[in-house]
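This is input14.txt (compact mmCIF, C-alpha atoms).
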# COMPACT_ATOMS: atom_id res chain seq x y z
CA MET K 1 126.87 128.62 105.45
CA ALA K 2 124.63 126.17 107.30
CA LYS K 3 124.59 122.61 106.06
CA LYS K 4 121.45 121.33 104.38
CA ALA K 5 119.91 117.91 104.94
CA LEU K 6 117.03 116.14 103.21
CA ILE K 7 115.19 113.50 105.25
CA THR K 8 112.87 110.99 103.62
CA GLY K 9 110.34 109.75 106.16
CA ILE K 10 110.56 112.96 108.20
CA THR K 11 107.06 112.45 109.60
CA GLY K 12 107.99 109.05 111.09
CA GLN K 13 109.47 108.31 114.49
CA ASP K 14 113.13 108.42 113.45
CA GLY K 15 112.65 111.24 110.96
CA SER K 16 111.09 113.53 113.55
CA TYR K 17 113.85 112.92 116.11
CA LEU K 18 116.55 113.35 113.46
CA ALA K 19 115.00 116.59 112.21
CA GLU K 20 115.00 118.01 115.74
CA PHE K 21 118.60 116.90 116.26
CA LEU K 22 119.82 118.47 113.01
CA LEU K 23 118.00 121.74 113.69
CA LYS K 24 119.86 121.99 116.99
CA LYS K 25 123.08 121.44 115.05
CA GLY K 26 122.25 124.46 112.89
CA TYR K 27 121.19 122.59 109.73
CA ASN K 28 118.61 123.75 107.23
CA VAL K 29 116.32 120.73 107.22
CA TYR K 30 114.20 119.57 104.29
CA GLY K 31 111.71 116.74 104.53
CA LEU K 32 110.27 114.58 101.74
CA THR K 33 106.56 113.92 102.25
CA ARG K 34 104.14 111.85 100.18
CA ARG K 35 101.00 113.46 98.82
CA THR K 36 98.07 111.74 100.52
CA SER K 37 94.44 112.68 101.18
CA THR K 38 95.06 112.69 104.92
CA ILE K 39 98.34 114.26 106.05
CA ASN K 40 99.70 113.42 109.49
CA PHE K 41 102.34 115.83 110.74
CA GLU K 42 101.72 115.00 114.41
CA ARG K 43 105.31 113.97 115.12
CA ILE K 44 106.77 117.17 113.65
CA LYS K 45 104.12 119.65 114.79
CA GLU K 46 106.61 121.36 117.15
CA ILE K 47 109.09 121.98 114.34
CA GLU K 48 106.86 122.14 111.25
CA ASP K 49 107.52 125.88 110.84
CA LYS K 50 111.28 125.28 111.04
CA VAL K 51 111.60 122.65 108.29
CA ASN K 52 111.02 122.83 104.55
CA LEU K 53 108.66 120.15 103.27
CA ILE K 54 108.90 118.92 99.69
CA GLN K 55 106.42 116.55 98.06
CA GLY K 56 107.96 113.40 96.67
CA ASP K 57 107.69 109.64 96.66
CA LEU K 58 110.15 106.75 96.77
CA LEU K 59 108.13 105.16 93.97
CA ASP K 60 108.63 108.15 91.67
CA GLN K 61 112.16 108.66 90.34
CA SER K 62 111.54 112.11 88.86
CA SER K 63 110.14 113.50 92.12
CA LEU K 64 113.31 112.41 93.96
CA ALA K 65 115.54 114.18 91.44
CA SER K 66 113.35 117.26 91.69
CA ALA K 67 113.59 117.20 95.49
CA LEU K 68 117.38 117.11 95.31
CA LEU K 69 117.46 119.98 92.84
CA GLU K 70 115.16 122.05 95.07
CA ALA K 71 116.86 121.33 98.41
CA GLN K 72 120.48 121.16 97.16
CA PRO K 73 121.33 119.08 100.26
CA ASP K 74 124.77 118.22 101.61
CA GLU K 75 123.32 115.08 103.19
CA VAL K 76 120.39 112.78 102.48
CA TYR K 77 118.97 110.53 105.19
CA ASN K 78 116.77 107.78 103.73
CA LEU K 79 114.46 106.76 106.56
CA ALA K 80 111.27 106.24 104.53
CA ALA K 81 110.08 102.66 104.11
CA GLN K 82 107.19 100.30 104.62
CA SER K 83 108.57 99.62 108.07
CA TYR K 84 106.06 97.34 109.79
CA VAL K 85 107.25 93.74 109.63
CA LYS K 86 103.78 92.17 109.94
CA THR K 87 102.42 94.24 107.04
CA SER K 88 105.29 93.08 104.84
CA TRP K 89 103.73 89.60 104.77
CA ASN K 90 100.42 91.03 103.52
CA GLN K 91 102.03 93.48 101.09
CA PRO K 92 105.35 91.91 100.06
CA VAL K 93 105.53 93.52 96.60
CA LEU K 94 104.76 97.02 97.90
CA THR K 95 107.31 96.49 100.68
CA GLY K 96 109.90 95.62 98.06
CA GLU K 97 109.05 98.71 96.00
CA PHE K 98 109.44 101.10 98.93
CA THR K 99 111.98 99.43 101.19
CA ALA K 100 114.25 97.89 98.54
CA LEU K 101 113.90 99.62 95.17
CA GLY K 102 113.15 102.93 96.85
CA VAL K 103 116.76 102.99 98.08
CA THR K 104 118.02 102.49 94.53
CA ARG K 105 115.89 105.36 93.29
CA VAL K 106 117.30 107.73 95.92
CA LEU K 107 120.88 106.66 95.18
CA GLU K 108 120.33 106.97 91.44
CA ALA K 109 118.94 110.47 91.95
CA ILE K 110 122.04 111.40 93.94
CA ARG K 111 124.32 109.89 91.28
CA THR K 112 122.72 111.89 88.50
CA VAL K 113 122.05 115.18 90.33
CA ASN K 114 125.09 115.50 92.63
CA PRO K 115 127.26 112.49 93.54
CA LYS K 116 129.00 114.55 96.25
CA ILE K 117 125.89 114.34 98.46
CA LYS K 118 126.47 112.16 101.54
CA PHE K 119 123.87 109.39 101.91
CA TYR K 120 122.57 107.46 104.92
CA GLN K 121 120.51 104.29 104.52
CA ALA K 122 118.38 102.99 107.38
CA SER K 123 119.29 99.30 107.53
CA SER K 124 117.80 97.03 110.20
CA SER K 125 118.56 94.28 112.69
CA GLU K 126 115.77 92.33 110.95
CA MET K 127 118.34 91.57 108.24
CA PHE K 128 120.04 89.15 110.65
CA GLY K 129 116.77 87.26 111.22
CA LYS K 130 117.65 83.66 112.01
CA VAL K 131 120.92 84.58 113.64
CA THR K 132 124.13 82.72 112.85
CA GLU K 133 126.14 84.24 115.72
CA THR K 134 125.49 86.12 118.94
CA PRO K 135 125.80 89.04 119.39
CA GLN K 136 125.33 90.30 115.85
CA LYS K 137 127.91 92.67 114.38
CA GLU K 138 128.73 94.23 111.03
CA THR K 139 130.25 91.01 109.66
CA THR K 140 127.44 88.68 110.78
CA ARG K 141 125.77 86.82 107.89
CA PHE K 142 122.26 87.97 107.00
CA HIS K 143 119.35 85.50 107.14
CA PRO K 144 116.16 87.63 106.97
CA ARG K 145 112.87 86.04 108.02
CA SER K 146 110.32 88.42 106.49
CA PRO K 147 109.73 90.32 103.23
CA TYR K 148 110.66 93.45 105.20
CA GLY K 149 113.99 91.92 106.26
CA VAL K 150 114.72 90.76 102.71
CA ALA K 151 113.95 94.23 101.33
CA LYS K 152 116.27 95.80 103.92
CA VAL K 153 119.09 93.45 102.85
CA TYR K 154 118.63 94.63 99.26
CA GLY K 155 118.69 98.26 100.39
CA HIS K 156 121.82 97.60 102.41
CA TYR K 157 123.74 95.97 99.59
CA ILE K 158 122.69 98.47 96.92
CA THR K 159 124.08 101.18 99.23
CA VAL K 160 127.38 99.30 99.44
CA ASN K 161 127.31 98.86 95.65
CA TYR K 162 126.86 102.57 94.91
CA ARG K 163 129.63 103.38 97.39
CA GLU K 164 132.05 100.98 95.73
CA SER K 165 130.95 101.60 92.14
CA TYR K 166 130.48 105.37 92.06
CA GLY K 167 132.46 106.60 95.06
CA ILE K 168 129.37 108.02 96.75
CA PHE K 169 129.76 108.69 100.48
CA ALA K 170 127.10 106.16 101.45
CA CYS K 171 126.63 104.59 104.88
CA SER K 172 124.19 102.09 106.34
CA GLY K 173 123.16 102.00 109.97
CA MET K 174 122.07 98.56 111.14
CA LEU K 175 119.86 99.86 113.93
CA PHE K 176 118.48 97.36 116.40
CA ASN K 177 114.99 97.92 117.80
CA HIS K 178 114.67 101.56 118.82
CA GLU K 179 111.47 102.76 120.42
CA SER K 180 109.92 105.94 121.79
CA PRO K 181 106.59 107.53 122.69
CA ARG K 182 106.35 108.40 118.97
CA ARG K 183 106.10 104.75 117.90
CA GLY K 184 102.94 103.80 116.03
CA LEU K 185 100.32 101.79 117.92
CA GLU K 186 100.89 98.79 115.62
CA PHE K 187 104.31 98.17 117.19
CA VAL K 188 104.32 95.90 120.23
CA THR K 189 106.20 98.31 122.52
CA ARG K 190 103.76 101.17 121.96
CA LYS K 191 100.82 98.77 122.03
CA ILE K 192 101.96 97.77 125.51
CA SER K 193 102.63 101.28 126.86
CA HIS K 194 99.33 102.57 125.46
CA ALA K 195 97.29 99.68 126.86
CA VAL K 196 98.97 99.82 130.28
CA ALA K 197 98.21 103.54 130.55
CA ARG K 198 94.57 102.94 129.62
CA ILE K 199 94.21 99.94 131.96
CA SER K 200 95.62 101.95 134.89
CA LEU K 201 93.05 104.70 134.20
CA GLY K 202 90.14 102.25 133.88
CA LYS K 203 89.71 102.87 130.13
CA GLN K 204 90.69 99.35 129.00
CA LYS K 205 90.39 95.91 130.57
CA LYS K 206 92.82 93.65 128.71
CA LEU K 207 96.04 93.72 126.69
CA GLU K 208 96.16 91.11 123.91
CA LEU K 209 99.60 89.99 122.74
CA GLY K 210 101.20 87.05 120.96
CA SER K 211 104.16 85.26 122.50
CA LEU K 212 105.87 86.99 125.41
CA GLU K 213 109.13 85.12 124.83
CA PRO K 214 110.84 86.85 121.85
CA LYS K 215 113.87 88.87 122.92
CA ARG K 216 115.07 92.11 121.36
CA ASP K 217 117.83 94.66 121.84
CA TRP K 218 115.67 97.70 122.64
CA GLY K 219 117.05 101.24 122.71
CA TYR K 220 115.69 104.79 122.60
CA ALA K 221 115.20 106.32 119.14
CA GLY K 222 116.22 109.74 120.45
CA ASP K 223 119.68 108.34 121.25
CA TYR K 224 120.06 106.52 117.95
CA VAL K 225 119.66 109.54 115.67
CA GLU K 226 122.94 110.92 117.03
CA ALA K 227 124.70 107.78 115.75
CA ILE K 228 123.05 108.29 112.34
CA TRP K 229 124.44 111.82 112.12
CA LEU K 230 127.88 110.74 113.33
CA MET K 231 128.19 108.24 110.47
CA LEU K 232 128.05 111.04 107.89
CA ALA K 233 130.43 113.18 109.95
CA GLN K 234 133.32 110.75 109.45
CA ASN K 235 136.12 111.06 106.91
CA LYS K 236 135.28 107.72 105.31
CA PRO K 237 131.90 106.05 104.70
CA ASP K 238 131.21 102.75 106.43
CA ASP K 239 128.43 100.63 107.94
CA TYR K 240 127.68 100.32 111.65
CA VAL K 241 125.61 98.27 114.06
CA ILE K 242 123.77 100.55 116.51
CA ALA K 243 122.50 98.73 119.60
CA THR K 244 122.55 98.64 123.40
CA GLY K 245 124.22 95.23 123.76
CA GLU K 246 121.40 94.09 126.04
CA ASN K 247 118.28 92.18 125.20
CA HIS K 248 114.97 91.80 126.97
CA SER K 249 111.85 89.76 126.34
CA VAL K 250 108.39 91.09 125.55
CA LYS K 251 107.48 89.81 129.02
CA ASP K 252 110.18 92.03 130.57
CA PHE K 253 108.70 95.05 128.78
CA VAL K 254 105.17 94.19 129.94
CA GLU K 255 106.23 93.67 133.56
CA LEU K 256 108.16 96.95 133.76
CA ALA K 257 105.29 98.86 132.15
CA PHE K 258 102.70 97.54 134.62
CA ASN K 259 105.06 98.02 137.56
CA TYR K 260 105.42 101.69 136.63
CA VAL K 261 101.68 102.25 137.15
CA GLY K 262 101.69 100.21 140.38
CA ILE K 263 100.14 97.00 139.02
CA LYS K 264 102.02 93.95 140.28
CA ASP K 265 99.55 91.22 139.27
CA TRP K 266 99.86 92.12 135.60
CA GLN K 267 99.23 88.57 134.40
CA LYS K 268 95.48 88.91 134.92
CA TYR K 269 95.36 91.79 132.44
CA VAL K 270 97.31 90.09 129.64
CA VAL K 271 95.74 87.75 127.10
CA SER K 272 98.13 85.72 124.94
CA ASN K 273 96.62 84.97 121.53
CA MET K 274 99.41 83.11 119.76
CA GLU K 275 97.37 82.14 116.70
CA ALA K 276 96.18 85.67 115.90
CA HIS K 277 99.71 87.08 116.05
CA MET K 278 101.56 84.19 114.40
CA ARG K 279 103.78 85.04 111.41
CA PRO K 280 104.93 82.62 108.70
CA ALA K 281 108.48 82.88 110.06
CA GLU K 282 109.63 84.37 113.34
CA VAL K 283 112.73 86.11 114.67
CA ASP K 284 113.18 85.01 118.26
CA TYR K 285 116.43 86.54 119.49
CA LEU K 286 118.41 89.65 118.54
CA ILE K 287 121.23 91.41 120.37
CA GLY K 288 123.72 93.78 118.77
CA ASP K 289 127.43 94.44 119.22
CA ALA K 290 127.95 98.20 118.77
CA SER K 291 131.64 98.17 119.74
CA LYS K 292 132.65 99.48 116.29
CA ALA K 293 130.30 102.46 116.66
CA LYS K 294 131.68 103.12 120.14
CA LYS K 295 135.29 102.98 118.94
CA ILE K 296 135.00 104.95 115.68
CA LEU K 297 131.95 107.17 116.21
CA GLY K 298 132.39 107.63 119.95
CA TRP K 299 128.71 106.71 120.36
CA LYS K 300 126.96 104.82 123.13
CA PRO K 301 123.31 104.76 124.26
CA LYS K 302 122.29 107.11 127.06
CA THR K 303 118.84 105.73 127.94
CA SER K 304 118.41 102.44 129.82
CA PHE K 305 115.74 99.87 129.00
CA LYS K 306 113.86 100.71 132.23
CA GLN K 307 114.00 104.43 131.46
CA LEU K 308 112.68 103.79 127.94
CA VAL K 309 109.69 101.76 129.15
CA GLU K 310 108.84 104.31 131.83
CA LEU K 311 109.13 107.21 129.35
CA MET K 312 106.72 105.53 126.97
CA VAL K 313 104.16 104.68 129.67
CA GLU K 314 104.38 108.14 131.26
CA THR K 315 103.82 109.84 127.91
CA ASP K 316 100.80 107.64 127.16
CA LEU K 317 99.42 108.36 130.63
CA LYS K 318 99.58 112.09 129.91
CA ARG K 319 97.93 111.59 126.51
CA GLU K 320 95.09 109.52 127.97
CA LYS K 321 94.46 111.97 130.82
CA LYS K 322 94.14 114.81 128.31
CA ALA K 323 91.90 112.80 125.96
CA LYS K 324 88.16 113.12 126.47

Could you render the structure from this file as structure tokens?
Amino acid sequence: MAKKALITGITGQDGSYLAEFLLKKGYNVYGLTRRTSTINFERIKEIEDKVNLIQGDLLDQSSLASALLEAQPDEVYNLAAQSYVKTSWNQPVLTGEFTALGVTRVLEAIRTVNPKIKFYQASSSEMFGKVTETPQKETTRFHPRSPYGVAKVYGHYITVNYRESYGIFACSGMLFNHESPRRGLEFVTRKISHAVARISLGKQKKLELGSLEPKRDWGYAGDYVEAIWLMLAQNKPDDYVIATGENHSVKDFVELAFNYVGIKDWQKYVVSNMEAHMRPAEVDYLIGDASKAKKILGWKPKTSFKQLVELMVETDLKREKKAK
């Protein structure tokens, strides 16, 4: 019989890529979706008729138990969260409810309904924050610099706790920044690719950003979902850093994006508004060491940084040319 997987956050970037990946592997895929007045299934429109959607909410314990009883999954992938770092400053309590306590609710539902279910928790490189060593690996001390990062640390450790306390097959993936054309426009990478496409077509004049100096380890989300699946395919549960081992500045991303559309003098199109984009605490430098994932999971990224930037710009160019 085909395996069954339940994905929370299936309508998000990672959830949509993971759902496609699992369908190709022959899984029956279930997705947990929140009941809202406006439903956005844009990212899963190509596979919507191939997945089973169940209404539920990370804030509602009973709905999570009901979802497990309905789907009877072999695996649960918890990707749902309040995932925008900037918003976590404005809504720190809500971020904690979804991104921290939401993990506990899913794990508790698994414990009570069927503790044999394998569980994946989406941890984050933001947990490392003010880094204590470079590159960052599984044993690097956490020092989060945002309510989002703090909530992710809680989610990470409660996953470890349920693994050690109840014997649940629970893994955390400490994914470094992973982007794609499916990123929301609030994220800097998509903000750049979208604006560059529009500027090249004469639809927009300027791109406003904060500092161009922060450096991140940027990979392609489509590559990273394979690593997520591989974690639950092992004989023993464990936690893994998933990263490219390279880092690039926001400036690097901007320059590559403009170069792709043939604009060399990109500086005249970029406005740096440091004050508007300032956060109470910043993370300046992240780079991951994924050697454990390479050794044990046999995983390594397939898409280069340049290929990622060009993919995002090209997709936004196509969108803008089709838009009226």

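In this model, the gap between CA of Val160 in chain K and CA of Gln121 in chain K comes to 9.9 Å.
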
Nearest residue to Phe98 in chain K from the set K:Arg145, K:Lys203, K:Arg190, K:Lys152 (distances using only C-alpha atoms) | K:Lys152

With only C-alpha atoms as the basis for distance, which of K:Val106, K:Leu101, K:Val261, K:Asn90 is at the shortest distance from Thr8 in chain K?
->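 Result for the nearest residue to Thr8 in chain K: K:Val106.
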
What is the distance, in Å and to one decimal place, between CA of Ile44 in chain K and CA of Pro92 in chain K?
-> 28.7 Å

Which of these, K:Leu317, K:Ala109, K:Ala323, K:Met1, has the shortest distance to Leu201 in chain K once you count only C-alpha atoms?
->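 Looking only at the distances to Leu201 in chain K, the closest residue turns out to be K:Leu317.
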
For Leu6 in chain K, the nearest of the candidates K:His156, K:Arg105, K:His248, K:Lys118, counting only C-alpha atoms =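 Closest to Leu6 in chain K of all the choices is K:Lys118.
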
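Distance-wise, CA of Ser62 in chain K and CA of Gln91 in chain K end up 24.2 Å apart.
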
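Of the listed residues (K:Val131, K:Leu175, K:Ile296, K:Ala195), K:Ala195 comes nearest to Arg319 in chain K; the distances count all atoms listed in the file.
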
Polymer residues at most 12 Å from Leu94 in chain K, all atoms listed in the file, same-chain spacing of 2 or more positions, as a list in words =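 Contacts, in chain order: Leu58, Leu59, Ala81, Gln82, Ser83, Tyr84, Thr87, Ser88, Trp89, Asn90, Gln91, Pro92, Gly96, Glu97, Phe98, Thr99, Ala100, Leu101, Gly102, Pro147, Tyr148 and Ala151 of chain K.
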
Include C-alpha atoms and write out the residues we just selected as a PDB file, in the frame of the given file.
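Output saved as selection.pdb:
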ATOM      1  CA  LEU K  58     110.150 106.750  96.770  1.00  0.00           C
ATOM      2  CA  LEU K  59     108.130 105.160  93.970  1.00  0.00           C
ATOM      3  CA  ALA K  81     110.080 102.660 104.110  1.00  0.00           C
ATOM      4  CA  GLN K  82     107.190 100.300 104.620  1.00  0.00           C
ATOM      5  CA  SER K  83     108.570  99.620 108.070  1.00  0.00           C
ATOM      6  CA  TYR K  84     106.060  97.340 109.790  1.00  0.00           C
ATOM      7  CA  THR K  87     102.420  94.240 107.040  1.00  0.00           C
ATOM      8  CA  SER K  88     105.290  93.080 104.840  1.00  0.00           C
ATOM      9  CA  TRP K  89     103.730  89.600 104.770  1.00  0.00           C
ATOM     10  CA  ASN K  90     100.420  91.030 103.520  1.00  0.00           C
ATOM     11  CA  GLN K  91     102.030  93.480 101.090  1.00  0.00           C
ATOM     12  CA  PRO K  92     105.350  91.910 100.060  1.00  0.00           C
ATOM     13  CA  GLY K  96     109.900  95.620  98.060  1.00  0.00           C
ATOM     14  CA  GLU K  97     109.050  98.710  96.000  1.00  0.00           C
ATOM     15  CA  PHE K  98     109.440 101.100  98.930  1.00  0.00           C
ATOM     16  CA  THR K  99     111.980  99.430 101.190  1.00  0.00           C
ATOM     17  CA  ALA K 100     114.250  97.890  98.540  1.00  0.00           C
ATOM     18  CA  LEU K 101     113.900  99.620  95.170  1.00  0.00           C
ATOM     19  CA  GLY K 102     113.150 102.930  96.850  1.00  0.00           C
ATOM     20  CA  PRO K 147     109.730  90.320 103.230  1.00  0.00           C
ATOM     21  CA  TYR K 148     110.660  93.450 105.200  1.00  0.00           C
ATOM     22  CA  ALA K 151     113.950  94.230 101.330  1.00  0.00           C
TER      23      ALA K 151
END

With a distance cut-off of 9 Å and all atoms listed in the file, select the neighbouring residues of Lys264 in chain K, excluding the residue or stretch itself and same-chain residues fewer than 4 positions from it, and output the selection as a list in words.
-> Glu255, Phe258 and Asn259 of chain K

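Proximity of K:Lys45, K:Lys318, K:Arg198, K:Lys137 to Ala19 in chain K, computed with only C-alpha atoms, is greatest for K:Lys45.
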
Take range 246-257 of chain K, model all heavy atoms, and hand the result over as a CSV table (one decimal), in the coordinates of the input.
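This is the output file selection17.csv:
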chain,number,residue,atom,x,y,z
K,246,GLU,N,122.2,94.8,125.1
K,246,GLU,CA,121.4,94.1,126.0
K,246,GLU,C,120.2,93.6,125.3
K,246,GLU,O,119.8,94.2,124.3
K,246,GLU,CB,120.9,95.0,127.2
K,246,GLU,CG,122.0,95.6,128.0
K,246,GLU,CD,121.4,96.5,129.1
K,246,GLU,OE1,120.2,96.5,129.3
K,246,GLU,OE2,122.2,97.2,129.7
K,247,ASN,N,119.6,92.5,125.8
K,247,ASN,CA,118.3,92.2,125.2
K,247,ASN,C,117.3,91.8,126.3
K,247,ASN,O,117.7,91.3,127.4
K,247,ASN,CB,118.4,91.1,124.1
K,247,ASN,CG,118.6,89.7,124.6
K,247,ASN,OD1,118.9,89.5,125.7
K,247,ASN,ND2,118.4,88.8,123.7
K,248,HIS,N,116.0,92.0,126.0
K,248,HIS,CA,115.0,91.8,127.0
K,248,HIS,C,113.8,91.2,126.2
K,248,HIS,O,113.6,91.5,125.1
K,248,HIS,CB,114.5,93.1,127.6
K,248,HIS,CG,115.7,93.8,128.4
K,248,HIS,ND1,115.9,93.5,129.7
K,248,HIS,CD2,116.6,94.7,128.0
K,248,HIS,CE1,117.0,94.2,130.1
K,248,HIS,NE2,117.4,95.0,129.1
K,249,SER,N,113.0,90.4,126.9
K,249,SER,CA,111.8,89.8,126.3
K,249,SER,C,110.7,90.7,126.3
K,249,SER,O,110.6,91.7,127.0
K,249,SER,CB,111.5,88.5,127.1
K,249,SER,OG,111.1,88.8,128.4
K,250,VAL,N,109.7,90.3,125.5
K,250,VAL,CA,108.4,91.1,125.6
K,250,VAL,C,107.8,91.1,127.0
K,250,VAL,O,107.3,92.1,127.5
K,250,VAL,CB,107.4,90.5,124.5
K,250,VAL,CG1,106.0,91.2,124.6
K,250,VAL,CG2,108.0,90.6,123.1
K,251,LYS,N,108.0,89.9,127.6
K,251,LYS,CA,107.5,89.8,129.0
K,251,LYS,C,108.2,90.8,129.9
K,251,LYS,O,107.5,91.4,130.8
K,251,LYS,CB,107.8,88.4,129.5
K,251,LYS,CG,107.3,88.1,131.0
K,251,LYS,CD,107.6,86.7,131.4
K,251,LYS,CE,107.3,86.5,132.9
K,251,LYS,NZ,107.6,85.1,133.3
K,252,ASP,N,109.5,91.0,129.8
K,252,ASP,CA,110.2,92.0,130.6
K,252,ASP,C,109.6,93.4,130.4
K,252,ASP,O,109.4,94.2,131.3
K,252,ASP,CB,111.7,92.1,130.2
K,252,ASP,CG,112.4,90.8,130.5
K,252,ASP,OD1,112.0,90.1,131.4
K,252,ASP,OD2,113.4,90.5,129.9
K,253,PHE,N,109.3,93.7,129.1
K,253,PHE,CA,108.7,95.0,128.8
K,253,PHE,C,107.3,95.2,129.5
K,253,PHE,O,107.0,96.3,130.0
K,253,PHE,CB,108.6,95.2,127.3
K,253,PHE,CG,108.5,96.6,126.8
K,253,PHE,CD1,109.5,97.2,126.1
K,253,PHE,CD2,107.3,97.3,127.0
K,253,PHE,CE1,109.5,98.5,125.7
K,253,PHE,CE2,107.2,98.6,126.5
K,253,PHE,CZ,108.3,99.2,125.9
K,254,VAL,N,106.5,94.2,129.4
K,254,VAL,CA,105.2,94.2,129.9
K,254,VAL,C,105.3,94.4,131.5
K,254,VAL,O,104.5,95.2,132.0
K,254,VAL,CB,104.4,92.9,129.6
K,254,VAL,CG1,103.1,92.8,130.4
K,254,VAL,CG2,104.1,92.8,128.1
K,255,GLU,N,106.1,93.6,132.1
K,255,GLU,CA,106.2,93.7,133.6
K,255,GLU,C,106.7,95.1,134.0
K,255,GLU,O,106.1,95.6,135.0
K,255,GLU,CB,107.2,92.6,134.0
K,255,GLU,CG,107.2,92.4,135.5
K,255,GLU,CD,108.0,91.2,136.0
K,255,GLU,OE1,108.7,90.6,135.2
K,255,GLU,OE2,107.9,90.9,137.2
K,256,LEU,N,107.7,95.6,133.4
K,256,LEU,CA,108.2,97.0,133.8
K,256,LEU,C,107.1,98.0,133.6
K,256,LEU,O,106.9,98.9,134.4
K,256,LEU,CB,109.4,97.3,132.9
K,256,LEU,CG,110.8,96.8,133.5
K,256,LEU,CD1,111.9,97.2,132.5
K,256,LEU,CD2,111.1,97.4,134.8
K,257,ALA,N,106.3,97.9,132.5
K,257,ALA,CA,105.3,98.9,132.2
K,257,ALA,C,104.2,98.8,133.2
K,257,ALA,O,103.8,99.9,133.7
K,257,ALA,CB,104.7,98.6,130.8
